[in-house]
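Asks: This is structure.tsv (TSV, C-alpha atoms).
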```
chain	number	residue	atom	x	y	z
A	1	MET	CA	81.45	-56.63	73.10
A	2	SER	CA	84.31	-56.59	70.58
A	3	LEU	CA	87.36	-57.01	72.82
A	4	ASP	CA	90.97	-56.91	71.66
A	5	TYR	CA	94.04	-57.63	73.82
A	6	ALA	CA	97.70	-57.03	73.06
A	7	LEU	CA	100.75	-57.74	75.20
A	8	LEU	CA	104.45	-57.40	74.52
A	9	ALA	CA	107.04	-58.23	77.17
A	10	VAL	CA	110.83	-58.24	76.61
A	11	ASP	CA	113.78	-58.70	78.92
A	12	GLY	CA	116.67	-56.30	79.39
A	13	THR	CA	118.44	-57.65	76.31
A	14	GLY	CA	115.37	-57.16	74.11
A	15	ARG	CA	114.53	-60.86	73.96
A	16	VAL	CA	110.78	-61.34	73.57
A	17	LEU	CA	109.31	-63.10	76.59
A	18	ALA	CA	105.66	-62.93	75.56
A	19	ARG	CA	103.60	-61.62	72.68
A	20	THR	CA	99.81	-61.62	72.44
A	21	GLY	CA	97.67	-60.04	69.73
A	22	ASP	CA	98.78	-57.45	67.18
A	23	VAL	CA	101.54	-55.58	69.02
A	24	ASP	CA	102.24	-53.33	66.01
A	25	ARG	CA	98.70	-52.02	65.59
A	26	VAL	CA	98.33	-48.33	66.43
A	27	ARG	CA	95.64	-47.74	69.03
A	28	PRO	CA	94.56	-44.96	71.42
A	29	VAL	CA	96.67	-45.17	74.59
A	30	ALA	CA	94.94	-42.49	76.71
A	31	SER	CA	97.08	-41.16	79.56
A	32	VAL	CA	100.08	-43.31	78.68
A	33	GLY	CA	100.82	-40.48	76.26
A	34	LYS	CA	101.77	-38.38	79.28
A	35	LEU	CA	105.10	-40.22	79.43
A	36	LEU	CA	106.17	-38.30	76.33
A	37	LEU	CA	105.38	-35.03	78.09
A	38	LEU	CA	107.37	-36.13	81.13
A	39	GLY	CA	110.27	-37.19	78.92
A	40	HIS	CA	110.35	-33.81	77.19
A	41	VAL	CA	110.11	-31.86	80.45
A	42	ALA	CA	112.85	-33.97	82.05
A	43	THR	CA	115.08	-33.30	79.04
A	44	LEU	CA	114.51	-29.54	79.36
A	45	LEU	CA	115.35	-29.76	83.06
A	46	ASP	CA	118.56	-31.69	82.33
A	47	ARG	CA	119.61	-29.07	79.80
A	48	GLY	CA	118.89	-26.20	82.18
A	49	GLU	CA	116.26	-24.86	79.79
A	50	LEU	CA	113.46	-25.08	82.35
A	51	ASP	CA	113.56	-24.14	86.03
A	52	PRO	CA	112.25	-27.02	88.18
A	53	ALA	CA	111.01	-24.50	90.76
A	54	GLU	CA	109.12	-22.34	88.25
A	55	GLN	CA	105.56	-21.85	89.49
A	56	LEU	CA	102.82	-22.77	87.04
A	57	ALA	CA	99.33	-21.38	87.62
A	58	ARG	CA	96.31	-23.64	87.43
A	59	GLU	CA	94.43	-20.87	85.57
A	60	SER	CA	96.95	-20.99	82.72
A	61	THR	CA	94.95	-23.65	80.89
A	62	LYS	CA	91.43	-24.91	80.39
A	63	PHE	CA	90.34	-27.03	83.33
A	64	VAL	CA	89.56	-30.67	82.66
A	65	ALA	CA	88.16	-32.81	85.46
A	66	ASP	CA	88.36	-36.59	85.76
A	67	SER	CA	91.71	-38.00	86.92
A	68	GLY	CA	93.98	-36.10	89.24
A	69	LEU	CA	94.41	-34.47	92.62
A	70	TRP	CA	95.21	-30.82	91.96
A	71	GLN	CA	91.57	-30.03	91.18
A	72	HIS	CA	90.79	-30.89	94.81
A	73	LEU	CA	93.61	-28.81	96.34
A	74	ASP	CA	93.64	-25.14	97.37
A	75	VAL	CA	97.04	-24.22	95.94
A	76	PRO	CA	96.73	-21.86	92.92
A	77	SER	CA	100.13	-22.81	91.49
A	78	LEU	CA	102.65	-25.63	91.63
A	79	SER	CA	106.29	-25.98	90.63
A	80	VAL	CA	107.23	-27.72	87.41
A	81	LEU	CA	108.56	-30.63	89.47
A	82	ASP	CA	105.39	-30.99	91.50
A	83	CYS	CA	103.28	-30.93	88.34
A	84	CYS	CA	105.40	-33.78	86.95
A	85	ARG	CA	104.98	-35.74	90.17
A	86	LEU	CA	101.20	-35.35	90.03
A	87	VAL	CA	101.09	-36.43	86.40
A	88	ALA	CA	103.10	-39.56	87.17
A	89	ALA	CA	101.48	-40.44	90.49
A	90	VAL	CA	97.78	-39.83	89.81
A	91	SER	CA	97.68	-39.07	86.06
A	92	ASP	CA	96.64	-35.52	86.91
A	93	ASN	CA	94.81	-33.97	83.94
A	94	LEU	CA	95.05	-30.40	85.22
A	95	ALA	CA	98.80	-30.67	85.82
A	96	THR	CA	99.16	-32.28	82.39
A	97	ASN	CA	97.46	-29.41	80.59
A	98	VAL	CA	99.35	-26.81	82.63
A	99	LEU	CA	102.66	-28.43	81.64
A	100	LEU	CA	101.58	-28.79	78.01
A	101	THR	CA	100.55	-25.14	77.92
A	102	ARG	CA	103.97	-24.19	79.32
A	103	VAL	CA	106.16	-26.27	76.98
A	104	GLY	CA	103.86	-26.66	73.96
A	105	VAL	CA	102.29	-29.68	72.31
A	106	ASP	CA	104.36	-29.10	69.17
A	107	ALA	CA	107.56	-29.19	71.24
A	108	VAL	CA	106.55	-32.53	72.74
A	109	ARG	CA	105.89	-33.89	69.25
A	110	ALA	CA	109.29	-32.67	68.06
A	111	TYR	CA	110.89	-34.37	71.05
A	112	THR	CA	109.04	-37.57	70.20
A	113	ASP	CA	110.21	-37.45	66.58
A	114	ALA	CA	113.82	-36.99	67.69
A	115	LEU	CA	113.51	-39.84	70.18
A	116	GLY	CA	112.39	-42.22	67.44
A	117	VAL	CA	109.42	-43.91	69.09
A	118	ALA	CA	106.85	-43.48	66.32
A	119	PRO	CA	104.01	-44.34	66.05
A	120	TYR	CA	103.82	-43.53	69.79
A	121	GLU	CA	102.77	-39.87	69.93
A	122	LEU	CA	100.96	-37.26	71.99
A	123	LEU	CA	98.55	-35.32	69.80
A	124	ASP	CA	96.75	-32.71	71.88
A	125	LEU	CA	95.78	-31.30	75.24
A	126	ILE	CA	93.42	-33.29	77.45
A	127	ARG	CA	89.89	-32.33	76.38
A	128	THR	CA	86.40	-33.03	77.69
A	129	SER	CA	85.11	-33.50	74.15
A	130	ARG	CA	86.57	-33.78	70.67
A	131	GLY	CA	85.27	-32.64	67.31
A	132	PRO	CA	86.28	-31.95	63.72
A	133	HIS	CA	88.74	-29.21	64.75
A	134	THR	CA	90.63	-31.20	67.38
A	135	ALA	CA	92.89	-34.22	67.30
A	136	PRO	CA	90.85	-37.45	67.38
A	137	THR	CA	92.48	-38.59	70.61
A	138	PHE	CA	94.99	-37.43	73.22
A	139	ALA	CA	97.66	-40.00	72.36
A	140	ARG	CA	98.17	-43.18	70.38
A	141	GLY	CA	100.76	-45.84	69.82
A	142	SER	CA	101.51	-49.53	69.44
A	143	ALA	CA	102.66	-51.95	72.10
A	144	THR	CA	105.97	-52.27	70.24
A	145	ALA	CA	106.54	-48.50	70.28
A	146	LEU	CA	105.61	-48.20	73.96
A	147	VAL	CA	108.08	-50.93	74.92
A	148	ARG	CA	110.68	-49.14	72.79
A	149	PHE	CA	110.17	-46.03	74.92
A	150	LEU	CA	110.80	-48.09	78.06
A	151	GLN	CA	113.95	-49.54	76.55
A	152	LEU	CA	115.24	-46.05	75.74
A	153	LEU	CA	114.45	-45.00	79.30
A	154	ASP	CA	116.41	-47.98	80.59
A	155	ALA	CA	119.32	-47.14	78.28
A	156	GLY	CA	119.49	-43.52	79.43
A	157	GLU	CA	118.19	-42.02	76.18
A	158	VAL	CA	115.24	-40.72	78.22
A	159	PRO	CA	116.28	-39.00	81.48
A	160	ALA	CA	116.28	-41.27	84.53
A	161	GLN	CA	114.10	-38.72	86.31
A	162	VAL	CA	111.13	-40.06	84.35
A	163	ARG	CA	111.66	-43.50	85.89
A	164	GLU	CA	111.71	-41.95	89.38
A	165	TRP	CA	108.45	-40.13	88.68
A	166	MET	CA	106.85	-43.31	87.34
A	167	ARG	CA	107.67	-45.14	90.56
A	168	LEU	CA	105.15	-42.85	92.29
A	169	ASN	CA	102.22	-44.23	90.28
A	170	VAL	CA	99.37	-45.39	92.50
A	171	ASP	CA	97.35	-47.11	89.78
A	172	LEU	CA	98.25	-50.79	90.06
A	173	THR	CA	94.78	-51.99	89.09
A	174	LEU	CA	95.58	-53.35	85.63
A	175	ALA	CA	98.47	-55.60	84.53
A	176	ALA	CA	100.69	-54.50	87.43
A	177	SER	CA	98.22	-55.97	89.92
A	178	ALA	CA	99.96	-59.28	89.13
A	179	LEU	CA	102.80	-58.10	91.39
A	180	ALA	CA	100.53	-57.66	94.46
A	181	LEU	CA	102.35	-54.50	95.53
A	182	ASP	CA	100.98	-51.84	97.89
A	183	PRO	CA	99.76	-49.12	95.51
A	184	LEU	CA	100.48	-46.40	98.09
A	185	ALA	CA	103.89	-47.63	99.23
A	186	HIS	CA	105.89	-49.42	96.57
A	187	VAL	CA	108.61	-46.91	95.68
A	188	ASP	CA	111.33	-49.14	97.15
A	189	SER	CA	109.51	-52.42	96.73
A	190	GLU	CA	110.80	-55.79	95.63
A	191	PRO	CA	110.28	-56.30	92.79
A	192	LEU	CA	110.80	-52.70	91.74
A	193	LEU	CA	108.10	-51.33	89.46
A	194	HIS	CA	107.76	-48.13	87.49
A	195	ASN	CA	104.67	-47.94	85.31
A	196	LYS	CA	102.00	-45.73	83.76
A	197	THR	CA	98.40	-46.55	82.97
A	198	GLY	CA	95.89	-45.05	80.59
A	199	SER	CA	92.10	-45.26	80.81
A	200	ASP	CA	89.37	-44.02	78.51
A	201	ASP	CA	86.11	-45.29	77.08
A	202	GLY	CA	87.05	-48.59	75.46
A	203	VAL	CA	90.71	-48.27	76.43
A	204	ARG	CA	92.93	-49.65	79.18
A	205	VAL	CA	96.71	-49.63	78.81
A	206	ASP	CA	99.46	-50.44	81.30
A	207	VAL	CA	103.15	-49.99	80.44
A	208	GLY	CA	106.05	-50.46	82.79
A	209	THR	CA	109.30	-52.05	83.82
A	210	VAL	CA	109.71	-54.68	86.51
A	211	VAL	CA	113.14	-55.19	88.08
A	212	SER	CA	113.77	-58.19	90.30
A	213	GLY	CA	117.38	-58.87	91.22
A	214	ASP	CA	119.34	-58.75	87.97
A	215	ARG	CA	116.26	-59.41	85.82
A	216	THR	CA	114.51	-56.59	83.95
A	217	VAL	CA	111.21	-56.94	82.09
A	218	HIS	CA	109.64	-54.19	79.99
A	219	TYR	CA	105.97	-54.70	79.20
A	220	CYS	CA	102.97	-53.15	77.52
A	221	ALA	CA	99.51	-54.63	78.09
A	222	MET	CA	96.52	-53.23	76.21
A	223	ALA	CA	92.79	-53.84	76.08
A	224	HIS	CA	90.51	-52.12	73.57
A	225	TRP	CA	86.79	-52.65	73.08
A	226	THR	CA	83.66	-50.91	71.82
A	227	PRO	CA	83.68	-47.51	73.61
A	228	SER	CA	79.95	-47.66	74.35
A	229	GLU	CA	80.45	-50.87	76.34
A	230	PRO	CA	81.45	-50.64	80.05
A	231	PHE	CA	84.77	-51.60	81.56
A	232	THR	CA	84.53	-54.82	83.54
A	233	ALA	CA	86.64	-56.51	86.19
A	234	ALA	CA	87.24	-59.35	83.72
A	235	ILE	CA	89.27	-57.02	81.51
A	236	ALA	CA	91.61	-56.10	84.36
A	237	GLN	CA	91.88	-59.77	85.32
A	238	GLU	CA	92.93	-60.70	81.78
A	239	LEU	CA	95.59	-57.97	81.69
A	240	ARG	CA	96.89	-59.19	85.06
A	241	ALA	CA	97.02	-62.77	83.78
A	242	LEU	CA	98.90	-61.72	80.65
A	243	LEU	CA	101.64	-60.02	82.66
A	244	ARG	CA	101.77	-62.76	85.27
A	245	ASP	CA	102.38	-65.35	82.57
A	246	ALA	CA	105.03	-63.17	80.93
A	247	LEU	CA	106.95	-62.82	84.21
A	248	GLN	CA	107.11	-66.56	84.87
```
Rewrite the coordinates I just gave you, this time as structure tokens.

Replies:
Amino acid sequence: MSLDYALLAVDGTGRVLARTGDVDRVRPVASVGKLLLLGHVATLLDRGELDPAEQLARESTKFVADSGLWQHLDVPSLSVLDCCRLVAAVSDNLATNVLLTRVGVDAVRAYTDALGVAPYELLDLIRTSRGPHTAPTFARGSATALVRFLQLLDAGEVPAQVREWMRLNVDLTLAASALALDPLAHVDSEPLLHNKTGSDDGVRVDVGTVVSGDRTVHYCAMAHWTPSEPFTAAIAQELRALLRDALQ
């Protein structure tokens, strides 16, 4: 297996705490791209250009299975806010595509350009398969660009609502497992964590911010390998070790 790790961790001042691998290389980041969608939607909500209570129908987009909860629920529609909560908490693919259909992929890309976090970008809807007429992947970026997004979130350039949504995330299986938090009850934990993970064939990414007392650490931990090879527990263990060392 060809296995490649990258980690970048910085403190609240931007001082580099840890760097492993090529943190500027652009790689697929899977569902971590959903943070750009959440940032755009939160901006529209702040501007009053989108009603948080607007009901979005599940039939408004092509259904994609895999991650998420809405596909297992009976409700035919959810509010914009509840869709955002599902995207952040369980990386809900159906809620993601419903939101993207509502606001537009091009609008999210324009928001990303204005935010200045290139090469971090969301390219397309979530799809079961990709071909010559679709984007090659859902989202891509570098560890440096992903940490930049977190810094902008911390500075208020991205609405604080995104941070509150991220605190709902239940996937603490990758780098964030170093914190030994309860994945189902860590919203008001110590240390405080808000993070987002991405998983695909040959891809595991975990980005987040850890706040403990007056210390803030922004991190991005990535693992990429040959897509035909399986994910193993050793990969998660290495990501956990990288973050644990960065937090010391």

Asks: How close does stretch 128-176 of chain A get to stretch 96-116 of chain A? List, as JSON lines, each residue of stretch 128-176 of chain A within 9 Å, its nearest atom pair and the distance in Å to one decimal, counting only C-alpha atoms.

Replies:
```
{"residue": "A:Arg148", "atom": "CA", "partner": "A:Gly116", "partner_atom": "CA", "distance": 8.9}
{"residue": "A:Phe149", "atom": "CA", "partner": "A:Leu115", "partner_atom": "CA", "distance": 8.5}
{"residue": "A:Leu152", "atom": "CA", "partner": "A:Leu115", "partner_atom": "CA", "distance": 8.5}
{"residue": "A:Glu157", "atom": "CA", "partner": "A:Leu115", "partner_atom": "CA", "distance": 7.9}
{"residue": "A:Val158", "atom": "CA", "partner": "A:Leu115", "partner_atom": "CA", "distance": 8.3}
```

Asks: Take the residues from that selection and put them in a file with C-alpha atoms, as a PDB file, in the frame of the given file.

Replies:
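The file below, result_18.pdb, is the result:
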```pdb
ATOM      1  CA  ARG A 148     110.680 -49.140  72.790  1.00  0.00           C
ATOM      2  CA  PHE A 149     110.170 -46.030  74.920  1.00  0.00           C
ATOM      3  CA  LEU A 152     115.240 -46.050  75.740  1.00  0.00           C
ATOM      4  CA  GLU A 157     118.190 -42.020  76.180  1.00  0.00           C
ATOM      5  CA  VAL A 158     115.240 -40.720  78.220  1.00  0.00           C
TER       6      VAL A 158
END
```

Asks: Could you pull the residues within 8 Å of A:Asp4, counting only C-alpha atoms, minus those fewer than 3 positions along the same chain, as a list in words?

Replies: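 In the requested form, the answer reads Gly21, Ala223, His224 and Trp225 of chain A.
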
Asks: For each of A:Gln55, A:Leu35, A:Val64, A:Val41, take the minimum atom-to-atom distance to A:Val117, counting only C-alpha atoms, then give the residue where this is smallest.

Replies: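 Of the candidates, the smallest distance to A:Val117 is held by A:Leu35.
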
Asks: Atom CA of A:Asn195 and atom CA of A:Asp171, how far apart in Å?

Replies: 8.6 Å

Asks: List as a PDB file with C-alpha atoms, in the frame of the given file: which residues have an atom within 9 Å of (106.6, -53.3, 77.1), counting only C-alpha atoms?

Replies:
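In the end it all went to result_4.pdb:
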```
ATOM      1  CA  LEU A   7     100.750 -57.740  75.200  1.00  0.00           C
ATOM      2  CA  LEU A   8     104.450 -57.400  74.520  1.00  0.00           C
ATOM      3  CA  ALA A   9     107.040 -58.230  77.170  1.00  0.00           C
ATOM      4  CA  VAL A  10     110.830 -58.240  76.610  1.00  0.00           C
ATOM      5  CA  ALA A 143     102.660 -51.950  72.100  1.00  0.00           C
ATOM      6  CA  THR A 144     105.970 -52.270  70.240  1.00  0.00           C
ATOM      7  CA  ALA A 145     106.540 -48.500  70.280  1.00  0.00           C
ATOM      8  CA  LEU A 146     105.610 -48.200  73.960  1.00  0.00           C
ATOM      9  CA  VAL A 147     108.080 -50.930  74.920  1.00  0.00           C
ATOM     10  CA  ARG A 148     110.680 -49.140  72.790  1.00  0.00           C
ATOM     11  CA  PHE A 149     110.170 -46.030  74.920  1.00  0.00           C
ATOM     12  CA  LEU A 150     110.800 -48.090  78.060  1.00  0.00           C
ATOM     13  CA  GLN A 151     113.950 -49.540  76.550  1.00  0.00           C
ATOM     14  CA  ASP A 206      99.460 -50.440  81.300  1.00  0.00           C
ATOM     15  CA  VAL A 207     103.150 -49.990  80.440  1.00  0.00           C
ATOM     16  CA  GLY A 208     106.050 -50.460  82.790  1.00  0.00           C
ATOM     17  CA  THR A 209     109.300 -52.050  83.820  1.00  0.00           C
ATOM     18  CA  VAL A 217     111.210 -56.940  82.090  1.00  0.00           C
ATOM     19  CA  HIS A 218     109.640 -54.190  79.990  1.00  0.00           C
ATOM     20  CA  TYR A 219     105.970 -54.700  79.200  1.00  0.00           C
ATOM     21  CA  CYS A 220     102.970 -53.150  77.520  1.00  0.00           C
ATOM     22  CA  ALA A 221      99.510 -54.630  78.090  1.00  0.00           C
TER      23      ALA A 221
END
```

Asks: Could you tell me how far atom CA of A:Ala175 sits from atom CA of A:Leu94, in Å to one decimal place?

Replies: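 For atom CA of A:Leu94 relative to atom CA of A:Ala175, the distance reads 25.4 Å.
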
Asks: Can I get the residues of stretch 143-180 of chain A within 10 Å of stretch 232-238 of chain A, each with the closest pair of atoms and their distance in Å to one decimal, using all atoms listed in the file, sorted chain first then ascending number, as a tab-separated table?

Replies:
```
residue	atom	partner	partner_atom	distance
A:Thr173	CA	A:Ala236	CA	7.0
A:Leu174	CA	A:Ala236	CA	5.0
A:Ala175	CA	A:Ala236	CA	6.9
A:Ala176	CA	A:Ala236	CA	9.7
A:Ser177	CA	A:Ala236	CA	8.6
A:Ala178	CA	A:Gln237	CA	8.9
```

Asks: What would stretch 113-146 of chain A look like with N, CA and C atoms restored, written as an mmCIF file, keeping the file's coordinate frame?

Replies:
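Final file, result-v7.cif:
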```cif
data_model
loop_
_atom_site.group_PDB
_atom_site.id
_atom_site.type_symbol
_atom_site.label_atom_id
_atom_site.label_comp_id
_atom_site.auth_asym_id
_atom_site.auth_seq_id
_atom_site.Cartn_x
_atom_site.Cartn_y
_atom_site.Cartn_z
ATOM 1 N N ASP A 113 109.606 -37.131 67.877
ATOM 2 C CA ASP A 113 110.210 -37.450 66.580
ATOM 3 C C ASP A 113 111.710 -37.700 66.725
ATOM 4 N N ALA A 114 112.379 -36.854 67.511
ATOM 5 C CA ALA A 114 113.820 -36.990 67.690
ATOM 6 C C ALA A 114 114.158 -38.262 68.468
ATOM 7 N N LEU A 115 113.283 -38.657 69.365
ATOM 8 C CA LEU A 115 113.510 -39.840 70.180
ATOM 9 C C LEU A 115 113.380 -41.112 69.351
ATOM 10 N N GLY A 116 112.537 -41.075 68.323
ATOM 11 C CA GLY A 116 112.390 -42.220 67.440
ATOM 12 C C GLY A 116 111.487 -43.310 67.967
ATOM 13 N N VAL A 117 110.350 -42.914 68.550
ATOM 14 C CA VAL A 117 109.420 -43.910 69.090
ATOM 15 C C VAL A 117 108.091 -43.939 68.342
ATOM 16 N N ALA A 118 108.070 -43.393 67.138
ATOM 17 C CA ALA A 118 106.850 -43.480 66.320
ATOM 18 C C ALA A 118 106.482 -44.948 66.129
ATOM 19 N N PRO A 119 105.174 -45.225 66.122
ATOM 20 C CA PRO A 119 104.010 -44.340 66.050
ATOM 21 C C PRO A 119 103.460 -43.882 67.405
ATOM 22 N N TYR A 120 104.219 -44.039 68.474
ATOM 23 C CA TYR A 120 103.820 -43.530 69.790
ATOM 24 C C TYR A 120 103.888 -42.012 69.725
ATOM 25 N N GLU A 121 102.778 -41.326 70.011
ATOM 26 C CA GLU A 121 102.770 -39.870 69.930
ATOM 27 C C GLU A 121 101.659 -39.264 70.775
ATOM 28 N N LEU A 122 101.935 -38.075 71.278
ATOM 29 C CA LEU A 122 100.960 -37.260 71.990
ATOM 30 C C LEU A 122 100.450 -36.229 70.995
ATOM 31 N N LEU A 123 99.132 -36.115 70.870
ATOM 32 C CA LEU A 123 98.550 -35.320 69.800
ATOM 33 C C LEU A 123 97.961 -33.987 70.246
ATOM 34 N N ASP A 124 97.601 -33.849 71.522
ATOM 35 C CA ASP A 124 96.750 -32.710 71.880
ATOM 36 C C ASP A 124 96.749 -32.531 73.392
ATOM 37 N N LEU A 125 96.115 -31.470 73.837
ATOM 38 C CA LEU A 125 95.780 -31.300 75.240
ATOM 39 C C LEU A 125 94.724 -32.340 75.642
ATOM 40 N N ILE A 126 94.551 -32.519 76.946
ATOM 41 C CA ILE A 126 93.420 -33.290 77.450
ATOM 42 C C ILE A 126 92.160 -32.446 77.227
ATOM 43 N N ARG A 127 91.130 -33.054 76.657
ATOM 44 C CA ARG A 127 89.890 -32.330 76.380
ATOM 45 C C ARG A 127 88.691 -33.124 76.873
ATOM 46 N N THR A 128 87.648 -32.384 77.270
ATOM 47 C CA THR A 128 86.400 -33.030 77.690
ATOM 48 C C THR A 128 85.687 -33.647 76.508
ATOM 49 N N SER A 129 85.749 -32.981 75.359
ATOM 50 C CA SER A 129 85.110 -33.500 74.150
ATOM 51 C C SER A 129 85.987 -33.193 72.949
ATOM 52 N N ARG A 130 85.781 -33.955 71.883
ATOM 53 C CA ARG A 130 86.570 -33.780 70.670
ATOM 54 C C ARG A 130 85.625 -33.636 69.482
ATOM 55 N N GLY A 131 86.084 -32.882 68.486
ATOM 56 C CA GLY A 131 85.270 -32.640 67.310
ATOM 57 C C GLY A 131 86.117 -32.545 66.072
ATOM 58 N N PRO A 132 85.565 -31.992 64.999
ATOM 59 C CA PRO A 132 86.280 -31.950 63.720
ATOM 60 C C PRO A 132 87.513 -31.050 63.728
ATOM 61 N N HIS A 133 87.619 -30.148 64.720
ATOM 62 C CA HIS A 133 88.740 -29.210 64.750
ATOM 63 C C HIS A 133 89.760 -29.557 65.833
ATOM 64 N N THR A 134 89.660 -30.749 66.381
ATOM 65 C CA THR A 134 90.630 -31.200 67.380
ATOM 66 C C THR A 134 91.234 -32.533 66.926
ATOM 67 N N ALA A 135 92.324 -32.898 67.560
ATOM 68 C CA ALA A 135 92.890 -34.220 67.300
ATOM 69 C C ALA A 135 91.883 -35.283 67.723
ATOM 70 N N PRO A 136 91.868 -36.431 67.059
ATOM 71 C CA PRO A 136 90.850 -37.450 67.380
ATOM 72 C C PRO A 136 91.025 -38.075 68.741
ATOM 73 N N THR A 137 92.214 -37.996 69.298
ATOM 74 C CA THR A 137 92.480 -38.590 70.610
ATOM 75 C C THR A 137 93.667 -37.880 71.237
ATOM 76 N N PHE A 138 93.869 -38.080 72.522
ATOM 77 C CA PHE A 138 94.990 -37.430 73.220
ATOM 78 C C PHE A 138 96.329 -38.017 72.784
ATOM 79 N N ALA A 139 96.411 -39.340 72.715
ATOM 80 C CA ALA A 139 97.660 -40.000 72.360
ATOM 81 C C ALA A 139 97.375 -41.358 71.765
ATOM 82 N N ARG A 140 98.330 -41.856 70.981
ATOM 83 C CA ARG A 140 98.170 -43.180 70.380
ATOM 84 C C ARG A 140 99.538 -43.822 70.227
ATOM 85 N N GLY A 141 99.507 -45.127 69.986
ATOM 86 C CA GLY A 141 100.760 -45.840 69.820
ATOM 87 C C GLY A 141 100.516 -47.331 69.719
ATOM 88 N N SER A 142 101.565 -48.062 69.479
ATOM 89 C CA SER A 142 101.510 -49.530 69.440
ATOM 90 C C SER A 142 102.247 -50.076 70.657
ATOM 91 N N ALA A 143 101.961 -51.323 70.984
ATOM 92 C CA ALA A 143 102.660 -51.950 72.100
ATOM 93 C C ALA A 143 104.159 -51.991 71.832
ATOM 94 N N THR A 144 104.546 -52.240 70.603
ATOM 95 C CA THR A 144 105.970 -52.270 70.240
ATOM 96 C C THR A 144 106.631 -50.921 70.504
ATOM 97 N N ALA A 145 105.963 -49.836 70.092
ATOM 98 C CA ALA A 145 106.540 -48.500 70.280
ATOM 99 C C ALA A 145 106.606 -48.123 71.759
ATOM 100 N N LEU A 146 105.610 -48.518 72.531
ATOM 101 C CA LEU A 146 105.610 -48.200 73.960
ATOM 102 C C LEU A 146 106.733 -48.943 74.677
#
```
